[in-house]
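All remarks here apply to the structure that follows.
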Amino acid sequence: TKQTKKVLIKKYGSQAQSPKEQLCDMTLFIGIFGGAVLVFLSIPMVIVHYTGFEVFQTPNYDQSMMILLNIVLDLTCNLAIVFGITLTGPLFIAVGSLLVIPATIVVDVVIKNSLVSPWMIIGCCLIVLGFGILHANELTCFSSSKEKKAKRLTE
């Protein structure tokens, strides 16, 4: 469902005029998507439970806290993605999310003393390089569009 949501946000979420309208539209979109998931996934869960295919039990306190933590972290992640797309753009966020791969490898090396192959280092360097090129390109496009707007205002 997370990938479906990302595709739908990229396709339909960024059609508003101003960043404020875009943020409101995307927040509404995520709310509607969450409601649809709740409605459409609740029905199969009830059917699966009562047919005996998979019996669901009420979680204990520790499990409930883990579920609550997962909900809070997922909400935080989704809000960060929405704000990021609103402020920068969907391509920047999609490519930027790939930076999780090099970060994970660094954490594995530091905490777990994992071994890193040369291919992993090359791959990480390419991801960081690609993100850097994209960021530099967006900065160039942003500054040139800002200059054009300033020029139009002075004319």
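Identifiers in the structure tokens: chain A, B, ... in order shown; residue index from 1 per chain; ligand index from 1 in order shown.
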Long-range neighbours of Ala80 in chain A as a list in words, 12 Å cut-off, only C-alpha atoms, 5 positions minimum in chain: Leu23, Met26, Thr27, Leu73, Asp74, Leu75, Ile85, Thr86, Leu87, Thr88, Ile93 and Ser97 of chain A
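Residues lying within 9 Å of range 129-141 of chain A, counting only C-alpha atoms and ignoring same-chain neighbours fewer than 4 positions away, are Thr88, Leu91, Phe92, Val95, Gly96, Leu98, Leu99, Cys124, Cys125, Ser145 and Lys146 of chain A.
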Top pick for closest residue to Val100 in chain A, considering A:Val48, A:Cys24, A:Pro118, A:Ile127 and counting only C-alpha atoms: A:Ile127
All helix (DSSP H, G or I) residues (DSSP, backbone) inside range 4-117 of chain A, as number ranges by chain: A: 4-12, 19-51, 61-87, 90-112
Gap from CA of Val39 in chain A to CA of Asp62 in chain A - Å, one decimal: 26.3 Å
